[in-house]
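Everything on this sheet refers to the single structure shown next.
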Amino acid sequence: MLNKKTAKPKTQRLAATVTSEASVAAIISHNLKSVKRYFRSRRLALKGNLCYCDYVKLLLILPRNERGFWGKVSKDGKTGFVRLNLPTIAALTPKDWAVEILDARAHPVDYGAKADIVGITGFTAEMPSAYAIADGFRKKGVTVVMGGVHVSAVPDEALVHADAVIIGEAEAVWHKALEDFKNGKLKKTYKAETLCEMKGMAIPRRDLLDRRMYVSGFNTIQATRGCPFNCDYCAVTMFFGTEFRVRPVKEVIAEIRGFDTRNFFFVDDNIAGRPKYAKELFHALAPLKLNWGSQASITLAKDPELLELYAKSGGRYVFIGFESLSQKNLEKMHKGWNSTKDYKEAIRKIHGAGINILGSFVFGLDDDDKTVFKNTFDFIMETGMDAAQFHILTPFPGTVTYNVLEKEGRITDRDWAKYHTGEVVFQPKGMTAEELQNGYYWIFRSTYTIKNIMKRCFRGARGLTYRAVMNYAYRKKALRMPDVKGV
Ligand code: B12
Ligand code: SF4
C-alpha cells in the first residue's frame with residue numbers, strides 16, 4: 001500500500017514519466033527493463049487512484065534469518081531492537097519519494113507491491129533471504145539495490161542478485177544512486193569514498209516503522225561511529241573505519257527529545273570510546289532522567305569519573321565484549337588491550353557503580369579447548385555477571401578472521417544462513433566442531449537455569465528489573481537450544 005502520509009505530491013518527477021513520449025522513446029532505446037518499470041509504475045499508480053507521475057516509490061526491506069536465535073519476531077509479532085539502517089536510508093531519501101519499510105521477519109513479501117525500486121539490507125546470516133527477495137522482485141522487473149555490512153564486503157556476490165550495490169555508508173552516495181535511477185542511468189556500484197560527517201546526520205524515519213512490534217527496543221539511537229580498535233573477527237572497523245567519529249552532543253539530545261519515552265539503547269560500538277566525548281554526552285543526558293544501555297569496552301572501568309557519569313546519566317546496563325578468558329586468544333585476535341587479569345576488578349567496579357553487565361564471549365578461538373565452556377561458566381557465576389551472551393567464532397566476510405581461516409582451508413560451511421554466531425562453520429583447532437557446538441548449547445542452557453539466574457541476580461534491589469528482563473529474554477533463547485549433557 002502507498003503510504004499516503006509520505007507520498008506527498010512532488011515537484012521533481014521521475015524522468016521516465018515527467019516529460020513526453022520522447023523521453024519514453026529514449027528509455028526504450030536505453031534498455032527494455034526501464035520501459036517495463038515505466039508501464040508497471042503507471043499501471044500500479046492508476047490502480048491506486050493516483051497520478052502515476054506523482055511519485056517514485058521506494059520499498060525498503062529487512063530480510064529474515066530462520067536459523068539464528070537473535071532478532072526473531074515472536075508469534076504475536078513482537079521483536080527486540082529497531083534496526084536503524086532502513087529508517088536512516090529512508091531519511092536520506094529526497095522528500096518527493098514515497099518510502100515504505102517492510103520487515104520481512106513479520107510480514108510476507110508481496111512481489112506485486114507497488115515499487116519502482118527496492119532497497120534491501122542484511123547481516124551475513126540474512127543474505128540468503130535477502131537474495132531470494134531480490135530475485136523475486138527482479139523477476140517482476142523491479143530494480144533492486146542492496147547495501148549493508150555484508151554486501152559491502154562481497155559486492156560481486158550481491159550483484160548476482162541486485163541491479164546495484166552501495167558499498168560502505170549510504171550517506172555519501174545514496175542521493176546519487178537515486179538520481180541516476182530516476183534518469184535511467186543506475187550504475188552497478190556506488191562506493192562511499194569518505195566516511196560520513198557526523199554533524200547534521202539524518203534523523204532515522206522511525207515513523208515508517210510499526211511501533212507495536214518493538215515492546216522494549218523502539219528507541220535505538222546512535223551517537224558515535226567507528227571504533228579505535230581492530231579486532232580480527234569484527235566487521236566494524238573494515239566498514240566504519242578506525243577513526244572514532246562523534247555526533248555533536250546537542251544533536252543527540254535534540255533527537256532524544258523527539259521521543260515520547262525514556263528508555264533508550266545506543267547502538268554505538270563503544271559509547272565510551274572517547275572518554276572526553278562520553279563525559280560530555282553523559283552530562284547532557286543526566287537531566288533528561290533516562291534509562292539507557294549501550295556497548296562499551298572494559299576500559300570504561302578504568303575511569304572512575306566516567307563510570308560514575310555513566311550511571312548518573314541513566315546508564316543501567318552495559319554490554320561488554322570480554323570475548324575470552326585466555327590472554328593468548330585475545331592477543332591473537334588483536335584484542336590484547338582486554339586484559340584478563342583485570343576482568344574481576346573491572347566487574348566489581350562496574351557493579352559498584354550500580355550498572356548491570358551483559359558480557360559477551362566467543363568460543364572456538366585457537367587457544368580454546370573443551371575446558372573453555374566450564375571455565376567461562378564458573379567465571380560468570382563467580383563474578384555474578386548479570387547476563388552473558390555467547391558466540392561461536394564466525395568468519396564474517398571482509399574480516400581478518402575470514403581471510404586467515406580461508407587461507408588455512410578451515411572454513412567448512414558457506415551457507416550464510418548459518419553465520420548467526422550460533423553454528424560452527426569452520427574447523428576449530430583445540431576441539432572438534434561437534435564439541436564446540438555442544439559446548440555452546442551447554443553454557444547457554446547452564447547460565448540460564450532458574451537456579452543459576454537467581455544465584456547471579458539477587459544481589460540487591462538496584463537494577464533488579466533490568467537483570468530480570470535480560471535473563472528472561474536469554475532464558476527464552478537458551479530453552480530453544482538442545483539440552484546437551486556431559487560437556
Ligand atoms: C546494535 C547492534 C546490535 C544490537 C541491536 C541490533 C539491531 N536491531 O540494531 C544487538 C546487540 C541486538 C545485535 C545483535 C546481533 N548482531 Co549486531 N550490531 C549492532 C551494531 C553495533 C550497530 C548496528 C547499527 O545500528 N548500526 C547503525 C546503522 C545505521 O548502520 P548500518 O546498519 O551498517 O547501515 C548503514 C550502512 O550499512 C548502509 N546500509 C545498510 N543497509 C543498507 C541497505 C541499503 C539499500 C542501502 C542503500 C544502504 C544500506 O547504510 C546505513 C547508513 O550508512 C553493529 C555494528 C555496527 N557498528 O554497525 C553490529 C553488527 C551489525 N552485528 C553483528 C552481528 C553478527 C549480530 C548478531 C548476529 C550476533 C551478535 N553479534 O550478537 C546479532 C543478530 C541480531 C539480529 N538478527 O537482529 C555484526 C554483523 C556482521 C555480519 N557481517 O553479519 C556487526 C557488524 C558487529 C560485528 N561484530 O561485526 N547487534
Ligand atoms: S570487537 Fe568491539 S572493540 Fe573490537 S573492533 Fe569490533 S567494535 Fe571495536
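Following the order of the C-alpha cells, first chain is A, next is B, and so on, with residues numbered from 1 inside each chain and ligands from 1 in the order they appear.
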
Shell around A:Ala130 at 7 Å using only C-alpha atoms, local window under 6 positions removed, as a PyMOL selection string: chain A and resi 63+120+122

Helix (DSSP H, G or I) call set, DSSP backbone run, stretch 198-302 of chain A, as JSON, numbers by chain: {"A": [206, 207, 208, 211, 212, 213, 236, 237, 238, 239, 240, 249, 250, 251, 252, 253, 254, 255, 256, 257, 275, 276, 277, 278, 279, 280, 281, 282, 283, 284, 285, 286, 287, 288, 298, 299, 300, 301, 302]}

Close residues to ligand 1 using only C-alpha atoms and all ligand atoms, limit 7 Å, as a ChimeraX atom specification: /A:60,70-72,80-86,88-89,119-125,145-150,166,168-171,174,222,225-226,234-236,240,267-269,396-397,420-421

Counting only C-alpha atoms and all ligand atoms, which protein, DNA or RNA residues come within 7 Å of ligand 2, given as a list in words?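 Checking only C-alpha atoms and all ligand atoms against ligand 2 at 7 Å gives Cys227, Pro228, Phe229, Asn230, Cys231, Cys234, Ala235, Val236, Thr237, Asp269, Asn270, Ser297, Gly321 and Lys335 of chain A.
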
Output file for the selection above: C-alpha atoms, as a compact mmCIF listing (two decimals), in the first residue's frame:
```
# COMPACT_ATOMS: atom_id res chain seq x y z
CA CYS A 227 35.98 2.01 16.62
CA PRO A 228 39.58 2.84 17.51
CA PHE A 229 40.36 -0.89 17.77
CA ASN A 230 40.58 -3.54 15.09
CA CYS A 231 39.73 -6.97 16.42
CA CYS A 234 34.81 -7.93 13.89
CA ALA A 235 33.24 -6.37 10.81
CA VAL A 236 33.01 -2.90 12.30
CA THR A 237 36.41 -1.40 11.54
CA ASP A 269 30.07 0.01 19.20
CA ASN A 270 31.79 1.66 22.13
CA SER A 297 34.91 -1.62 26.12
CA GLY A 321 32.96 -7.83 24.93
CA LYS A 335 42.27 -7.50 21.41
```

Near-A:Glu255 list (10 Å; only C-alpha atoms; drop same-chain fewer than 4 positions) as a PyMOL selection string: chain A and resi 203-204+221-222+249-251+259

So which residues touch A:Val318 within 6 Å, counting only C-alpha atoms, skipping near sequence neighbours fewer than 3 positions away, as an mmCIF file with N, CA and C atoms, in the first residue's frame?
```
data_model
loop_
_atom_site.group_PDB
_atom_site.id
_atom_site.type_symbol
_atom_site.label_atom_id
_atom_site.label_comp_id
_atom_site.auth_asym_id
_atom_site.auth_seq_id
_atom_site.Cartn_x
_atom_site.Cartn_y
_atom_site.Cartn_z
ATOM 1 N N GLY A 293 21.108 1.883 27.823
ATOM 2 C CA GLY A 293 22.199 0.920 27.816
ATOM 3 C C GLY A 293 22.961 1.064 26.512
ATOM 4 N N SER A 294 24.167 0.494 26.477
ATOM 5 C CA SER A 294 24.952 0.552 25.245
ATOM 6 C C SER A 294 26.076 -0.472 25.311
ATOM 7 N N GLN A 295 26.908 -0.474 24.297
ATOM 8 C CA GLN A 295 28.108 -1.307 24.305
ATOM 9 C C GLN A 295 29.284 -0.422 24.711
ATOM 10 N N ILE A 357 25.887 -5.738 34.022
ATOM 11 C CA ILE A 357 26.815 -6.111 32.945
ATOM 12 C C ILE A 357 26.259 -7.250 32.123
#
```

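One distance worth recording is that between atom CA of A:Met385 and atom CA of A:Arg262, which is 25.3 Å.
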